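*Asks:* Compact mmCIF, C-alpha atoms, saved as structure_17.txt, coming up:
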# COMPACT_ATOMS: atom_id res chain seq x y z
CA MET A 1 144.78 124.74 216.60
CA MET A 2 143.75 121.31 215.34
CA LEU A 3 143.81 119.97 218.90
CA ARG A 4 141.47 122.77 220.09
CA LEU A 5 138.96 121.99 217.31
CA SER A 6 139.04 118.30 218.19
CA ILE A 7 138.42 119.04 221.87
CA LEU A 8 135.56 121.45 221.03
CA ALA A 9 133.98 118.88 218.71
CA GLY A 10 134.28 116.24 221.44
CA VAL A 11 132.60 118.51 224.00
CA LEU A 12 129.74 119.21 221.59
CA VAL A 13 129.26 115.50 220.96
CA VAL A 14 129.09 114.86 224.72
CA PHE A 15 126.46 117.60 225.18
CA ALA A 16 124.41 116.30 222.26
CA THR A 17 124.66 112.67 223.39
CA LEU A 18 123.82 113.39 227.02
CA GLN A 19 121.28 116.07 226.05
CA LEU A 20 122.65 118.30 228.76
CA PRO A 21 120.96 121.70 229.07
CA LEU A 22 122.83 124.66 227.67
CA HIS A 23 122.81 128.34 228.68
CA GLY A 24 121.34 127.98 232.18
CA GLN A 25 118.25 126.00 231.16
CA ALA A 26 118.78 123.29 233.77
CA GLY A 27 115.70 121.13 234.29
CA VAL A 28 113.58 122.97 231.70
CA ALA A 29 111.93 120.58 229.30
CA PRO A 30 110.47 121.90 226.07
CA ALA A 31 106.75 122.56 226.30
CA PRO A 32 104.70 119.84 224.64
CA ALA A 33 102.91 120.91 221.49
CA ALA A 34 99.25 121.66 222.05
CA ALA A 35 96.95 119.03 220.61
CA PRO A 36 94.82 120.29 217.73
CA VAL A 37 91.25 121.28 218.52
CA ILE A 38 88.68 120.66 215.78
CA VAL A 39 85.88 123.23 215.50
CA LEU A 40 82.67 122.06 213.81
CA GLU A 41 80.30 124.84 212.81
CA THR A 42 76.98 123.09 212.29
CA SER A 43 73.54 124.36 211.33
CA LYS A 44 72.63 123.98 215.05
CA GLY A 45 75.71 125.64 216.59
CA VAL A 46 79.38 124.99 217.29
CA ILE A 47 80.97 121.78 218.58
CA GLU A 48 84.64 121.77 219.58
CA PHE A 49 86.69 118.70 220.35
CA GLU A 50 90.23 118.23 221.55
CA THR A 51 92.23 115.52 219.82
CA TYR A 52 94.43 112.76 221.24
CA PRO A 53 97.56 112.62 219.06
CA ASP A 54 99.37 110.88 221.91
CA THR A 55 97.25 107.72 221.57
CA ALA A 56 96.06 107.93 217.94
CA PRO A 57 98.74 109.95 216.09
CA ARG A 58 98.06 108.74 212.55
CA ALA A 59 94.27 108.93 212.89
CA VAL A 60 94.39 112.43 214.36
CA ALA A 61 96.84 113.60 211.68
CA HIS A 62 94.53 112.15 209.02
CA ILE A 63 91.41 113.91 210.34
CA VAL A 64 93.30 117.20 210.81
CA ALA A 65 94.55 116.99 207.20
CA LEU A 66 91.00 116.36 205.94
CA VAL A 67 89.73 119.36 207.92
CA GLU A 68 92.51 121.54 206.53
CA ARG A 69 91.57 120.42 202.97
CA ASN A 70 87.92 121.43 203.64
CA PHE A 71 86.79 117.84 203.11
CA TYR A 72 84.03 118.17 205.73
CA ARG A 73 82.61 121.48 204.50
CA GLY A 74 78.95 121.01 203.57
CA LEU A 75 78.69 117.37 204.64
CA ARG A 76 75.57 116.17 206.42
CA PHE A 77 75.15 114.05 209.50
CA HIS A 78 74.07 110.74 207.99
CA ARG A 79 73.66 108.74 211.17
CA VAL A 80 71.81 110.12 214.17
CA VAL A 81 70.70 107.80 216.96
CA PRO A 82 69.32 109.64 220.01
CA ASP A 83 71.20 108.88 223.24
CA PHE A 84 73.82 107.00 221.21
CA VAL A 85 75.82 108.79 218.46
CA ILE A 86 75.84 111.30 215.63
CA GLN A 87 78.06 110.48 212.65
CA ILE A 88 79.50 112.41 209.71
CA GLY A 89 82.25 112.01 207.11
CA ASP A 90 80.71 110.63 203.91
CA ALA A 91 81.23 112.91 200.89
CA THR A 92 78.07 111.60 199.18
CA THR A 93 76.00 113.44 201.80
CA ARG A 94 76.40 116.62 199.76
CA ASP A 95 74.04 115.08 197.20
CA PHE A 96 70.43 114.35 198.26
CA THR A 97 69.89 112.25 195.12
CA ARG A 98 72.41 109.74 196.55
CA GLN A 99 70.81 109.59 200.00
CA GLN A 100 70.43 105.79 199.82
CA TYR A 101 74.26 105.56 199.80
CA TRP A 102 74.91 107.92 202.70
CA GLY A 103 77.23 106.30 205.20
CA SER A 104 78.79 103.95 202.65
CA TYR A 105 81.67 106.14 201.49
CA SER A 106 84.62 108.06 202.88
CA SER A 107 87.53 110.13 201.61
CA GLY A 108 89.02 107.07 199.91
CA THR A 109 92.29 107.20 201.84
CA PRO A 110 92.12 104.99 204.95
CA VAL A 111 94.51 105.55 207.83
CA GLY A 112 95.83 102.01 207.33
CA VAL A 113 96.56 101.21 210.95
CA SER A 114 94.46 100.29 213.95
CA GLU A 115 95.09 102.65 216.88
CA LEU A 116 92.92 101.04 219.53
CA GLU A 117 94.45 102.42 222.71
CA GLY A 118 92.85 100.92 225.82
CA SER A 119 92.90 103.93 228.12
CA ARG A 120 90.55 106.05 225.98
CA LYS A 121 86.94 105.19 226.67
CA HIS A 122 83.68 105.94 224.85
CA VAL A 123 82.36 108.39 227.43
CA ALA A 124 79.76 111.04 226.65
CA GLY A 125 81.46 113.39 224.18
CA ALA A 126 84.05 110.89 222.97
CA VAL A 127 84.93 111.32 219.30
CA SER A 128 85.75 108.06 217.57
CA LEU A 129 86.40 106.81 214.05
CA ALA A 130 83.84 104.57 212.35
CA HIS A 131 84.63 101.40 210.42
CA LEU A 132 82.85 98.30 209.18
CA GLY A 133 84.66 95.68 211.24
CA ASP A 134 88.36 96.37 210.64
CA ALA A 135 89.79 99.28 212.65
CA SER A 136 92.70 99.66 210.21
CA THR A 137 90.21 100.79 207.53
CA VAL A 138 89.12 103.93 209.41
CA ASP A 139 89.04 107.01 207.21
CA SER A 140 86.94 110.19 207.25
CA GLN A 141 83.83 109.03 209.09
CA PHE A 142 83.72 109.86 212.78
CA PHE A 143 81.06 109.80 215.44
CA ILE A 144 80.40 111.65 218.66
CA CYS A 145 79.03 109.65 221.58
CA LEU A 146 76.01 111.42 223.06
CA THR A 147 76.16 109.22 226.17
CA ALA A 148 78.69 106.71 227.49
CA GLN A 149 79.01 103.68 225.19
CA PRO A 150 81.37 101.21 226.94
CA GLN A 151 80.45 98.42 224.51
CA LEU A 152 82.48 100.33 221.87
CA ASP A 153 85.67 100.44 223.98
CA GLY A 154 88.53 98.64 222.25
CA LYS A 155 86.58 98.38 218.98
CA HIS A 156 86.80 101.94 217.57
CA PRO A 157 89.75 104.33 217.98
CA VAL A 158 88.89 107.27 220.22
CA ILE A 159 90.59 110.31 218.69
CA GLY A 160 89.23 113.05 220.92
CA ARG A 161 86.61 114.43 223.29
CA VAL A 162 84.08 117.24 222.97
CA ILE A 163 85.19 120.20 225.09
CA SER A 164 82.28 122.46 224.19
CA GLY A 165 79.02 122.02 222.35
CA LEU A 166 77.90 118.58 223.51
CA ASP A 167 74.46 120.19 223.94
CA VAL A 168 74.65 121.20 220.26
CA ALA A 169 75.59 117.64 219.28
CA ARG A 170 72.49 116.38 221.08
CA LYS A 171 70.31 118.71 218.95
CA ILE A 172 71.64 117.39 215.63
CA VAL A 173 69.10 115.53 213.49
CA TYR A 174 69.53 113.43 210.35
CA ALA A 175 70.76 115.50 207.37
CA ASP A 176 71.79 118.53 209.46
CA ARG A 177 74.66 120.27 207.69
CA LEU A 178 78.22 120.88 208.77
CA VAL A 179 78.78 124.40 207.53
CA ARG A 180 82.52 124.48 208.16
CA ALA A 181 85.24 122.62 210.05
CA SER A 182 88.52 124.17 211.15
CA VAL A 183 91.55 123.45 213.31
CA ARG A 184 92.79 125.66 216.11
Would you write out, as structure tokens, the structure that this file holds?

*Replies:*
Amino acid sequence: MMLRLSILAGVLVVFATLQLPLHGQAGVAPAPAAAPVIVLETSKGVIEFETYPDTAPRAVAHIVALVERNFYRGLRFHRVVPDFVIQIGDATTRDFTRQQYWGSYSSGTPVGVSELEGSRKHVAGAVSLAHLGDASTVDSQFFICLTAQPQLDGKHPVIGRVISGLDVARKIVYADRLVRASVR
């Protein structure tokens, strides 16, 4: 009996080590998890962007967590440059009496690592994290490129791309409100 248990344990170790398929699942790899899609309901309409957790895992996880905590609810777009970018993510934008500080603050919990992956470019619709010179300090502020911005490549981590609503993004003006953000 002891010999049978030892043989069975040995067989299980071999299967686990070699990662051989069990129960007729030869050649079937597990389906990759779908990347989160962020839905931004703005005062001008809806913008949706897919995320890139494969190239910016910590940054994407950070933004998703902020969305799930309702951090972005009620924030205002504090930087709008036509044919360049729109930017959001500063909690002080909920308060018009602090307008002179808009763009200076974030959630207060930076990602802490620079995820500048070279294959992701700042094309029209790219979603990227803002910083003031050190990509490891990125936090809650992100921008959407309204047109291609190759001069930003390798300087800001691209965390996603708009899959619907780029026309809405182009209608955003300074102080437009983000009604709600969600993850699907």

*Asks:* So that I can see what lies close to region 139-155 of chain A, please list as number ranges by chain the residues with an atom at most 8 Å from it, counting only C-alpha atoms and leaving out residues fewer than 6 positions away in the same chain.

*Replies:* A: 59, 62-63, 66, 82-90, 106-111, 116-118, 120-131, 162, 166, 169-170

*Asks:* For the atom pair CA of Thr51 (chain A) and CA of Val37 (chain A), what is the interatomic distance in Å to one decimal place?

*Replies:* 6.0 Å

*Asks:* Name the residues, using the chain letters and numbers of the file, that sit within 12 Å of (77.2, 125.4, 215.1) when counting only C-alpha atoms, and give them as an MDAnalysis selection string.

*Replies:* chainID A and resid 39:48 164:172 176:181

*Asks:* Just checking: using all atoms listed in the file, which residue out of A:Val183, A:Ala56, A:Val138, A:Val173 ends up closest to Asn70 (chain A)?

*Replies:*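 Result for the nearest residue to Asn70 (chain A): A:Val183.
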
*Asks:* In Å, with one decimal, what is the gap from CA of Tyr105 (chain A) to CA of Glu50 (chain A)?

*Replies:*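 CA of Tyr105 (chain A) sits 24.9 Å away from CA of Glu50 (chain A).
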
*Asks:* List the spatial neighbours of region 93-97 of chain A as a ChimeraX atom specification - criterion: any atom at most 9 Å away, all atoms listed in the file, same-chain residues fewer than 4 positions off excluded.

*Replies:* /A:74-78,88-89,101-103,175,177

*Asks:* Tyr52 (chain A): which residues within 7 Å, counting all atoms listed in the file, same-chain residues fewer than 6 positions away excluded, as an NGL selection string?

*Replies:* :A and (35 or 60 or 159-160)

*Asks:* Rounded to one decimal place, report the CA of Ile38 (chain A)-CA of Ala61 (chain A) distance in Å.

*Replies:*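 CA of Ala61 (chain A) lies at a distance of 11.5 Å from CA of Ile38 (chain A).
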
*Asks:* With all atoms listed in the file as the basis for distance, which of A:Pro36, A:Arg98, A:Arg79, A:Arg161 is at the shortest distance from Val64 (chain A)?

*Replies:* A:Pro36
